[in-house]
>>> print(open('start37.cif').read())   # mmCIF, C-alpha atoms
data_query
loop_
_atom_site.label_atom_id
_atom_site.label_comp_id
_atom_site.auth_asym_id
_atom_site.auth_seq_id
_atom_site.Cartn_x
_atom_site.Cartn_y
_atom_site.Cartn_z
CA MET T 1 -22.46 5.75 -4.01
CA THR T 2 -19.06 4.30 -5.02
CA PHE T 3 -17.42 7.49 -3.75
CA ILE T 4 -18.92 7.11 -0.29
CA TRP T 5 -17.94 3.43 -0.12
CA ALA T 6 -14.44 4.31 -1.42
CA PHE T 7 -14.06 6.74 1.49
CA ILE T 8 -15.42 4.29 4.07
CA VAL T 9 -13.49 1.20 2.90
CA ALA T 10 -10.12 2.96 2.46
CA GLY T 11 -10.66 4.80 5.75
CA LEU T 12 -11.52 1.63 7.67
CA PHE T 13 -8.45 -0.23 6.37
CA CYS T 14 -6.25 2.67 7.51
CA LEU T 15 -8.10 2.90 10.83
CA VAL T 16 -7.46 -0.78 11.58
CA ALA T 17 -3.79 -0.41 10.56
CA GLN T 18 -3.42 2.61 12.86
CA LEU T 19 -4.99 0.72 15.77
CA ILE T 20 -2.53 -2.16 15.21
CA LEU T 21 0.40 0.30 15.06
CA ASP T 22 -0.66 2.08 18.26
CA ASN T 23 -1.61 -0.93 20.36
CA THR T 24 1.10 -3.45 19.45
CA LYS T 25 4.87 -3.32 19.01
CA LEU T 26 4.61 -4.05 15.28
CA THR T 27 6.42 -1.65 12.93
CA PRO T 28 4.95 -0.09 9.74
CA GLY T 29 6.88 -2.77 7.81
CA HIS T 30 5.02 -5.53 9.67
CA VAL T 31 1.65 -3.85 9.15
CA THR T 32 2.06 -3.30 5.39
CA SER T 33 3.28 -6.90 4.94
CA MET T 34 0.34 -8.19 6.97
CA PHE T 35 -2.16 -6.24 4.91
CA THR T 36 -0.60 -7.48 1.66
CA VAL T 37 -1.01 -11.08 2.84
CA LEU T 38 -4.53 -10.22 4.02
CA GLY T 39 -5.31 -8.96 0.51
CA ALA T 40 -4.18 -12.27 -1.01
CA ILE T 41 -6.30 -14.16 1.54
CA LEU T 42 -9.36 -11.98 0.85
CA GLY T 43 -8.77 -12.60 -2.87
CA PHE T 44 -8.63 -16.35 -2.17
CA LEU T 45 -11.93 -16.16 -0.28
CA GLY T 46 -13.51 -14.15 -3.10
CA ILE T 47 -14.16 -11.17 -0.82
CA TYR T 48 -11.77 -8.70 -2.47
CA ASP T 49 -13.58 -8.96 -5.83
CA LYS T 50 -16.75 -7.83 -4.09
CA LEU T 51 -14.87 -5.11 -2.22
CA ILE T 52 -13.53 -3.68 -5.51
CA LYS T 53 -16.99 -3.78 -7.05
CA LEU T 54 -18.39 -1.97 -4.03
CA ALA T 55 -15.68 0.60 -3.31
CA GLY T 56 -13.70 0.88 -6.59
CA GLY T 57 -10.71 3.12 -5.98
CA GLY T 58 -11.15 2.83 -2.22
CA ALA T 59 -10.21 -0.84 -2.39
CA SER T 60 -7.72 -0.62 -5.26
CA THR T 61 -5.54 2.00 -3.57
CA ILE T 62 -4.89 -0.02 -0.39
CA ILE T 63 -1.72 -2.16 -0.26
CA SER T 64 -3.94 -5.24 0.17
CA ASN T 65 -4.87 -4.74 -3.49
CA PHE T 66 -1.25 -5.65 -4.34
CA GLY T 67 -1.64 -9.03 -2.60
CA TYR T 68 -4.98 -9.51 -4.34
CA LEU T 69 -3.45 -8.72 -7.75
CA LEU T 70 -0.61 -11.20 -7.17
CA TYR T 71 -3.13 -13.92 -6.26
CA LYS T 72 -5.36 -13.05 -9.23
CA GLY T 73 -2.35 -13.11 -11.59
CA GLY T 74 -1.37 -16.54 -10.29
CA ILE T 75 -4.87 -17.95 -10.83
CA GLU T 76 -5.16 -16.47 -14.32
CA GLY T 77 -1.70 -17.82 -15.18
CA TYR T 78 -2.68 -21.32 -14.01
CA GLN T 79 -5.83 -21.23 -16.11
CA SER T 80 -3.92 -20.40 -19.28
CA LYS T 81 -0.62 -22.28 -18.84
CA GLY T 82 -0.86 -24.63 -15.87
CA ILE T 83 1.88 -24.83 -13.23
CA LEU T 84 4.29 -22.72 -15.30
CA GLY T 85 1.57 -20.09 -15.53
CA ILE T 86 1.60 -19.63 -11.75
CA PHE T 87 5.27 -18.62 -11.94
CA THR T 88 4.86 -16.38 -14.98
CA GLY T 89 1.46 -15.01 -13.98
CA ILE T 90 1.87 -13.85 -10.37
CA LEU T 91 3.51 -10.55 -11.28
CA THR T 92 1.52 -9.73 -14.44
CA ASN T 93 -1.12 -7.63 -12.67
CA GLY T 94 0.87 -6.45 -9.68
CA GLY T 95 4.05 -5.76 -11.67
CA ALA T 96 2.91 -2.29 -12.72
CA ALA T 97 3.20 -1.00 -9.15
CA ILE T 98 6.73 -2.39 -8.72
CA VAL T 99 7.98 -1.16 -12.10
CA GLY T 100 6.31 2.22 -11.58
CA ALA T 101 7.84 2.67 -8.13
CA VAL T 102 11.30 1.65 -9.41
CA ILE T 103 11.28 3.89 -12.50
CA PHE T 104 9.90 6.98 -10.75
CA ALA T 105 12.25 6.54 -7.77
CA VAL T 106 15.32 6.18 -10.02
CA VAL T 107 14.38 9.16 -12.22
CA LEU T 108 13.69 11.34 -9.18
CA THR T 109 16.91 10.18 -7.49
CA ILE T 110 18.86 11.55 -10.46
CA PHE T 111 17.33 15.01 -10.08
CA PHE T 112 16.87 15.36 -6.32
CA GLU T 113 19.11 15.28 -3.25
CA PRO T 114 17.89 13.95 0.12
CA LYS T 115 16.63 16.68 2.45
CA ASP T 116 18.02 16.20 5.96
CA MET L 1 -1.92 14.51 45.17
CA ASN L 2 1.88 14.32 44.97
CA LYS L 3 4.05 14.55 41.86
CA ASP L 4 4.41 10.78 41.35
CA GLU L 5 0.71 10.17 41.43
CA TYR L 6 0.17 13.04 39.06
CA GLN L 7 2.77 11.65 36.64
CA LYS L 8 1.06 8.26 36.72
CA LEU L 9 -2.24 9.91 35.97
CA VAL L 10 -0.75 11.85 33.06
CA LYS L 11 0.83 8.72 31.61
CA LYS L 12 -2.44 6.87 31.94
CA HIS L 13 -4.39 9.44 29.99
CA GLU L 14 -1.96 10.86 27.44
CA PRO L 15 -1.49 7.95 25.02
CA GLN L 16 -5.18 7.11 24.92
CA GLU L 17 -6.10 10.56 23.67
CA ASN L 18 -3.40 10.35 21.02
CA LYS L 19 -4.59 6.93 19.94
CA THR L 20 -8.11 8.17 19.30
CA GLN L 21 -6.78 11.17 17.43
CA ASN L 22 -4.38 9.01 15.39
CA ALA L 23 -7.14 6.59 14.49
CA LEU L 24 -9.45 9.40 13.42
CA PHE L 25 -6.68 11.03 11.39
CA ALA L 26 -5.80 7.72 9.71
CA PHE L 27 -9.47 7.12 8.85
CA LEU L 28 -9.93 10.61 7.37
CA THR L 29 -6.67 10.65 5.36
CA GLY L 30 -7.14 7.08 4.12
CA GLY L 31 -10.73 7.85 3.22
CA MET L 32 -9.77 11.03 1.38
CA ILE L 33 -7.19 9.09 -0.68
CA GLY L 34 -9.73 6.39 -1.52
CA PHE L 35 -12.19 9.13 -2.53
CA LEU L 36 -9.61 10.94 -4.71
CA VAL L 37 -8.40 7.71 -6.34
CA GLU L 38 -11.98 6.76 -7.23
CA GLY L 39 -12.39 10.27 -8.69
CA ILE L 40 -9.25 9.91 -10.86
CA ILE L 41 -10.34 6.42 -12.00
CA GLN L 42 -13.77 7.68 -13.11
CA LEU L 43 -12.18 10.71 -14.79
CA LEU L 44 -9.73 8.53 -16.76
CA MET L 45 -12.50 6.10 -17.71
CA GLY L 46 -14.49 9.05 -19.06
CA ILE L 47 -11.67 10.82 -20.90
CA LEU L 48 -9.61 7.92 -22.30
CA ASN L 49 -12.56 5.54 -22.72
CA ILE L 50 -10.71 2.61 -21.08
CA SER L 51 -11.83 -0.23 -18.81
CA ARG L 52 -11.93 0.13 -15.03
CA VAL L 53 -8.99 -2.27 -14.61
CA ASP L 54 -6.78 -0.20 -16.95
CA ALA L 55 -7.93 3.04 -15.33
CA SER L 56 -7.09 1.61 -11.88
CA THR L 57 -3.58 0.71 -13.05
CA TRP L 58 -3.04 4.18 -14.53
CA THR L 59 -4.33 5.76 -11.32
CA CYS L 60 -2.02 3.53 -9.27
CA LEU L 61 0.92 4.78 -11.36
CA ILE L 62 -0.19 8.40 -10.95
CA VAL L 63 -0.45 7.97 -7.17
CA ILE L 64 3.02 6.35 -7.09
CA PHE L 65 4.48 9.19 -9.17
CA VAL L 66 2.92 11.94 -7.07
CA SER L 67 3.98 10.42 -3.75
CA SER L 68 7.51 9.75 -5.05
CA LEU L 69 7.72 13.37 -6.23
CA PHE L 70 6.45 14.69 -2.88
CA THR L 71 8.99 12.47 -1.10
CA ALA L 72 11.80 13.86 -3.28
CA LEU L 73 10.61 17.42 -2.63
CA GLY L 74 10.90 16.67 1.08
CA PHE L 75 7.49 17.32 2.55
CA PHE L 76 6.00 13.84 2.37
CA ASP L 77 7.82 12.76 5.54
CA ASN L 78 5.99 15.40 7.56
CA TRP L 79 2.64 14.31 6.16
CA MET L 80 3.54 10.71 6.92
CA CYS L 81 4.21 11.63 10.56
CA LYS L 82 0.79 13.26 10.90
CA ALA L 83 -1.39 10.89 8.91
CA LYS L 84 0.54 7.71 9.83
CA ALA L 85 -1.44 4.68 8.64
CA GLY L 86 -3.63 6.95 6.52
CA LEU L 87 -0.72 7.40 4.11
CA LEU L 88 1.14 4.19 4.94
CA LEU L 89 -1.50 1.70 3.85
CA PRO L 90 -2.50 3.18 0.47
CA THR L 91 -0.07 2.81 -2.46
CA THR L 92 1.47 6.10 -1.26
CA GLY L 93 3.26 4.25 1.57
CA PHE L 94 4.80 1.72 -0.83
CA ALA L 95 6.02 4.45 -3.19
CA HIS L 96 7.30 6.53 -0.28
CA SER L 97 9.34 3.64 1.13
CA VAL L 98 10.98 2.93 -2.25
CA SER L 99 11.75 6.53 -3.18
CA SER L 100 12.92 7.55 0.30
CA SER L 101 15.38 4.65 0.56
CA ALA L 102 16.56 5.40 -3.01
CA LEU L 103 17.24 9.03 -2.07
CA ASP L 104 18.81 8.23 1.31
CA TYR L 105 21.29 5.64 0.01
CA LYS L 106 22.20 7.51 -3.18
CA LYS L 107 25.40 8.86 -1.55
CA GLU L 108 26.74 5.39 -0.74
CA GLY L 109 27.24 4.36 -4.33
CA LEU L 110 25.15 3.04 -7.19
CA VAL L 111 25.41 -0.67 -6.38
CA THR L 112 26.29 -0.99 -2.70
CA GLY L 113 24.11 2.00 -1.77
CA LEU L 114 21.21 2.52 -4.15
CA GLY L 115 21.05 -0.98 -5.59
CA SER L 116 21.16 -3.05 -2.44
CA ASN L 117 18.97 -0.77 -0.33
CA PHE L 118 16.34 0.00 -2.95
CA PHE L 119 13.80 -2.54 -1.68
CA LYS L 120 14.88 -2.40 1.94
CA LEU L 121 11.39 -1.52 3.17
CA ALA L 122 9.20 -2.50 0.22
CA GLY L 123 11.01 -5.84 -0.09
CA SER L 124 9.02 -7.53 2.66
CA VAL L 125 5.74 -6.47 1.02
CA ILE L 126 6.86 -8.01 -2.29
CA LEU L 127 8.32 -11.13 -0.64
CA TYR L 128 5.35 -12.01 1.58
CA GLY L 129 2.90 -10.96 -1.12
CA ILE L 130 4.41 -13.36 -3.64
CA VAL L 131 4.85 -16.20 -1.11
CA SER L 132 1.29 -15.96 0.22
CA ALA L 133 -0.21 -15.54 -3.26
CA PHE L 134 1.75 -18.58 -4.50
CA ILE L 135 0.62 -20.78 -1.59
CA LEU L 136 -3.00 -19.66 -1.93
CA VAL L 137 -3.00 -20.30 -5.70
CA ILE L 138 -1.68 -23.84 -5.04
CA VAL L 139 -4.36 -24.41 -2.38
CA LYS L 140 -7.09 -23.10 -4.69
CA VAL L 141 -5.88 -25.31 -7.53
CA MET L 142 -5.83 -28.37 -5.25
CA ILE L 143 -9.36 -27.67 -3.98
CA ASN L 144 -10.74 -27.26 -7.48
CA GLY L 145 -8.84 -30.34 -8.65
#
>>> encode(input="start37.cif", output="structure tokens")
Amino acid sequence: MTFIWAFIVAGLFCLVAQLILDNTKLTPGHVTSMFTVLGAILGFLGIYDKLIKLAGGGASTIISNFGYLLYKGGIEGYQSKGILGIFTGILTNGGAAIVGAVIFAVVLTIFFEPKD
Amino acid sequence: MNKDEYQKLVKKHEPQENKTQNALFAFLTGGMIGFLVEGIIQLLMGILNISRVDASTWTCLIVIFVSSLFTALGFFDNWMCKAKAGLLLPTTGFAHSVSSSALDYKKEGLVTGLGSNFFKLAGSVILYGIVSAFILVIVKVMING
């Protein structure tokens, strides 16, 4: 069942993003930023937890998951260390994506040339 | 019907058809990625015997690596054009934006080119993600006392 929900949830997120791209003047940069913020808001409302339980990888692969992870990291940081924990905690969960993207991009940049 | 009227009619109908097609394509590609990611997560959980959270992070890294590699090999841009939001919204879009700007600005030097343009596109995701998460954490903390 998780597989079906993963398909539906990930598909619907992308469908909504495509509709925004086609019907407004917003660029892909706007849309991805909006969905990241949306993820943090859904995390705040407690909806994203349920979405991950329901759709697993379908919810965790969408960029909104990044916003959700930042929010979750902030909350967990506050619970363990107070105000300082918000600053140290925000990137703990979401950091993997940033570090991963940086490392892989740099390594690949050494070996590959841009194709024009 | 003269040419002008015909042109108007064409303009009226052309984008709408594309929009439906784009939306369908985005839904199918996005769905396929969600499906595949869930498959990899369950596979890793089975093989490595790790928690779902750890498996999700590993899968996220695998997805980032694969899409960075495909970007470097040069055929991810074409896929991006066809699937649009279907590849933009999953982690693939984030990885693509980082690795493509890294490759494109490589020629212009290590610091002024690569360094300062690295997060050109992904930067806004990180910026607004952190800002909104920070504000929401503060709000949540204030509500709970």
>>> interface_residues(input="start37.cif", of="chain T", to="chain L", cutoff="6 Å", atoms="all atoms listed in the file", output="JSON, numbers by chain")
{"T": [3, 6, 7, 8, 10, 11, 12, 14, 15, 17, 18, 33, 36, 37, 40, 57, 58, 61, 62, 63, 67, 70, 71, 75, 100, 101, 105, 109, 114, 115]}
>>> atom_distance(input="start37.cif", atom1="CA of Ile47 in chain L", atom2="CA of Asn93 in chain T")
22.8 Å
>>> residues_around(input="start37.cif", residues="range 45-55 of chain T", least_positions_apart="2", cutoff="6 Å", atoms="only C-alpha atoms", output="PyMOL selection string")
chain T and resi 2+5-6+42-43+58-59
>>> atom_distance(input="start37.cif", atom1="CA of Ile86 in chain T", atom2="CA of Asn65 in chain T")
18.2 Å
>>> atom_distance(input="start37.cif", atom1="CA of Pro28 in chain T", atom2="CA of Ile90 in chain T")
24.6 Å
